[in-house]
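Printed here is data.txt (compact mmCIF, C-alpha atoms):
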```txt
# COMPACT_ATOMS: atom_id res chain seq x y z
CA MET A 197 -50.86 4.83 -50.41
CA GLY A 198 -53.13 4.30 -53.44
CA HIS A 199 -56.27 2.27 -54.08
CA GLY A 200 -58.36 4.38 -51.70
CA TRP A 201 -55.97 4.10 -48.74
CA SER A 202 -54.68 7.12 -46.86
CA THR A 203 -52.82 7.69 -43.61
CA ARG A 204 -52.49 10.57 -41.20
CA LEU A 205 -49.86 11.25 -38.58
CA TYR A 206 -50.17 14.10 -36.11
CA ALA A 207 -47.51 14.83 -33.49
CA LEU A 208 -47.19 17.55 -30.86
CA TYR A 209 -44.30 18.32 -28.52
CA ASN A 210 -44.25 21.00 -25.85
CA SER A 211 -40.87 21.74 -24.28
CA PRO A 212 -40.38 22.35 -20.56
CA SER A 213 -41.57 25.77 -19.42
CA PHE A 214 -42.46 27.79 -16.36
CA SER A 215 -45.25 30.14 -15.44
CA GLY A 216 -45.30 32.07 -12.19
CA LEU A 217 -44.28 29.67 -9.42
CA ASN A 218 -44.80 26.50 -11.47
CA ASP A 219 -42.36 24.50 -13.59
CA TYR A 220 -43.94 22.35 -16.32
CA ASP A 221 -42.18 19.30 -17.74
CA SER A 222 -42.31 18.49 -21.43
CA TYR A 223 -45.14 16.46 -22.89
CA SER A 224 -46.00 15.01 -26.27
CA TYR A 225 -48.92 13.61 -28.23
CA VAL A 226 -49.02 11.33 -31.27
CA MET A 227 -52.11 10.37 -33.30
CA VAL A 228 -52.05 7.84 -36.14
CA ALA A 229 -54.95 7.11 -38.51
CA VAL A 230 -55.56 4.81 -41.46
CA LYS A 231 -58.50 5.39 -43.81
CA LYS A 232 -59.93 3.30 -46.65
CA SER A 233 -62.35 4.86 -49.16
CA PHE A 234 -64.61 2.72 -51.30
CA TRP A 235 -67.88 2.73 -53.30
CA ASP A 236 -66.59 5.53 -55.58
CA LYS A 237 -65.39 7.53 -52.55
CA LYS A 238 -68.90 7.71 -51.11
CA ALA A 239 -67.97 5.59 -48.10
CA SER A 240 -64.94 5.32 -45.87
CA LEU A 241 -63.74 3.31 -42.91
CA LYS A 242 -61.21 4.93 -40.56
CA LEU A 243 -59.21 3.54 -37.65
CA ASP A 244 -57.29 5.99 -35.48
CA VAL A 245 -55.31 5.82 -32.26
CA SER A 246 -54.93 9.00 -30.18
CA ASP A 247 -52.06 9.52 -27.72
CA LEU A 248 -50.31 6.44 -29.03
CA PHE A 249 -47.45 6.51 -26.49
CA TYR A 250 -49.58 7.82 -23.56
CA GLN A 251 -47.34 10.85 -23.05
CA LEU A 252 -49.99 13.56 -22.60
CA ASN A 253 -49.47 13.67 -18.83
CA PHE A 254 -48.74 17.03 -17.26
CA ARG A 255 -46.03 17.19 -14.62
CA VAL A 256 -46.07 20.38 -12.56
CA SER A 257 -43.72 21.27 -9.74
CA SER A 258 -42.77 24.25 -7.63
CA THR A 259 -39.69 24.71 -5.47
CA VAL A 260 -40.42 28.20 -4.20
CA VAL A 261 -40.76 28.21 -0.40
CA PRO A 262 -43.45 27.99 1.06
CA VAL A 263 -45.08 26.58 -2.11
CA VAL A 264 -43.22 23.30 -2.65
CA ASN A 265 -45.13 20.66 -4.56
CA SER A 266 -44.93 18.14 -7.36
CA ASN A 267 -47.96 16.86 -9.28
CA ILE A 268 -48.54 14.53 -12.20
CA ASN A 269 -51.93 14.79 -13.88
CA TYR A 270 -52.80 11.52 -15.59
CA ASN A 271 -55.59 11.94 -18.09
CA ASP A 272 -57.37 9.18 -19.95
CA THR A 273 -56.27 10.42 -23.36
CA ARG A 274 -55.45 7.20 -25.22
CA ARG A 275 -58.31 6.34 -27.55
CA VAL A 276 -58.89 3.84 -30.34
CA ARG A 277 -61.74 4.71 -32.71
CA LEU A 278 -63.26 2.94 -35.68
CA SER A 279 -65.62 5.04 -37.74
CA PHE A 280 -67.70 4.45 -40.87
CA THR A 281 -68.82 7.37 -43.05
CA TYR A 282 -71.23 7.32 -45.97
CA ASN A 283 -71.95 10.47 -48.02
CA LEU A 284 -75.53 10.69 -49.23
CA GLY A 285 -76.52 12.61 -52.35
CA LYS A 286 -74.36 14.14 -55.05
CA THR A 287 -70.70 14.60 -54.32
CA ASP A 288 -69.88 17.04 -57.17
CA LEU A 289 -71.71 20.30 -56.53
CA LYS A 290 -69.13 22.71 -57.96
CA GLY A 291 -71.15 23.34 -61.13
CA LYS A 292 -74.30 24.11 -59.13
CA ARG A 293 -72.82 26.85 -56.97
CA VAL A 294 -74.12 30.36 -57.50
CA GLU A 295 -72.09 33.42 -56.62
CA THR A 296 -73.85 35.36 -53.94
CA SER A 297 -72.57 38.49 -52.36
CA GLY A 298 -74.07 41.11 -50.14
CA ASN A 299 -73.89 43.76 -52.83
CA ALA A 300 -75.28 41.72 -55.77
CA ALA A 301 -78.47 43.84 -55.96
CA GLU A 302 -76.46 47.07 -55.98
CA ARG A 303 -74.11 45.78 -58.66
CA SER A 304 -77.01 44.80 -60.94
CA ARG A 305 -78.67 48.18 -60.36
CA LEU A 306 -75.47 49.97 -61.38
CA GLY A 307 -75.03 47.77 -64.46
CA HIS A 308 -71.97 45.86 -63.29
```

Rewrite the coordinates I just gave you, this time as structure tokens.
Amino acid sequence: MGHGWSTRLYALYNSPSFSGLNDYDSYSYVMVAVKKSFWDKKASLKLDVSDLFYQLNFRVSSTVVPVVNSNINYNDTRRVRLSFTYNLGKTDLKGKRVETSGNAAERSRLGH
């Protein structure tokens, strides 16, 4: 989006299925987030909404005699979050990294 703005969209869909005696209806999940970075990308403010359409409810049924039932599990999955993040210290540490490996001592001993 430019100027420090970014968005994220996450969606999940699970088709109807069955397992053993149970039939499971389809369910879905959508998460949307908007993020604004500022102060030279050291800080950010993010607003996200989870389960936007409130569709993460599991419907389970069984029609096999003598186990005949139908359930809907309503979970409190819709959330709205506002978060602020500030990164302390240096943000560019790529030049400071040192290669370390488990066999570094052996390689130096062998002259490699």

| request: Counting all atoms listed in the file, figure out which residue out of A:Tyr209, A:Met227, A:Asn269, A:Tyr282 gets nearest to Asp244 (chain A). | output: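 For Asp244 (chain A), the nearest of the candidates is A:Met227.
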
| Close residues, region 232-241 of chain A itself excluded, 7 Å, only C-alpha atoms, min 6 positions apart in chain, as a ChimeraX atom specification | /A:200-202,279-283

| task | Could you please determine the separation between CA of Leu217 (chain A) and CA of Thr259 (chain A) in Å, to one decimal place? | result | 7.8 Å

| query | So which residues touch Leu205 (chain A) within 10 Å, counting all atoms listed in the file, skipping near sequence neighbours fewer than 2 positions away, as a PyMOL selection string? | reply | chain A and resi 203+207+226-230+244-245

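In this model, the gap between CA of Leu284 (chain A) and CA of Ser246 (chain A) comes to 28.1 Å.
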
| task | Choose the residue, out of A:Leu208, A:Leu243, A:Val256, A:Val276, that has the smallest atom-to-atom separation from Asp221 (chain A); count all atoms listed in the file. | result |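 Of the candidates, the smallest distance to Asp221 (chain A) is held by A:Val256.
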
| Exercise: residues within 10 Å of coordinate (-41.1, 19.9, -7.9), counting all atoms listed in the file, as a PyMOL selection string | chain A and resi 218-221+255-260+263-267

Just the selected residues (C-alpha atoms), exported as a tab-separated table (two decimals), in the frame of the given file, please.
```tsv
chain	number	residue	atom	x	y	z
A	218	ASN	CA	-44.80	26.50	-11.47
A	219	ASP	CA	-42.36	24.50	-13.59
A	220	TYR	CA	-43.94	22.35	-16.32
A	221	ASP	CA	-42.18	19.30	-17.74
A	255	ARG	CA	-46.03	17.19	-14.62
A	256	VAL	CA	-46.07	20.38	-12.56
A	257	SER	CA	-43.72	21.27	-9.74
A	258	SER	CA	-42.77	24.25	-7.63
A	259	THR	CA	-39.69	24.71	-5.47
A	260	VAL	CA	-40.42	28.20	-4.20
A	263	VAL	CA	-45.08	26.58	-2.11
A	264	VAL	CA	-43.22	23.30	-2.65
A	265	ASN	CA	-45.13	20.66	-4.56
A	266	SER	CA	-44.93	18.14	-7.36
A	267	ASN	CA	-47.96	16.86	-9.28
```

| Within 7 Å of Leu252 (chain A) using only C-alpha atoms, minus same-chain residues under 4 positions, as a ChimeraX atom specification | /A:223-225,247

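A straight line drawn from CA of Asn271 (chain A) to CA of Phe254 (chain A) is 8.6 Å long.
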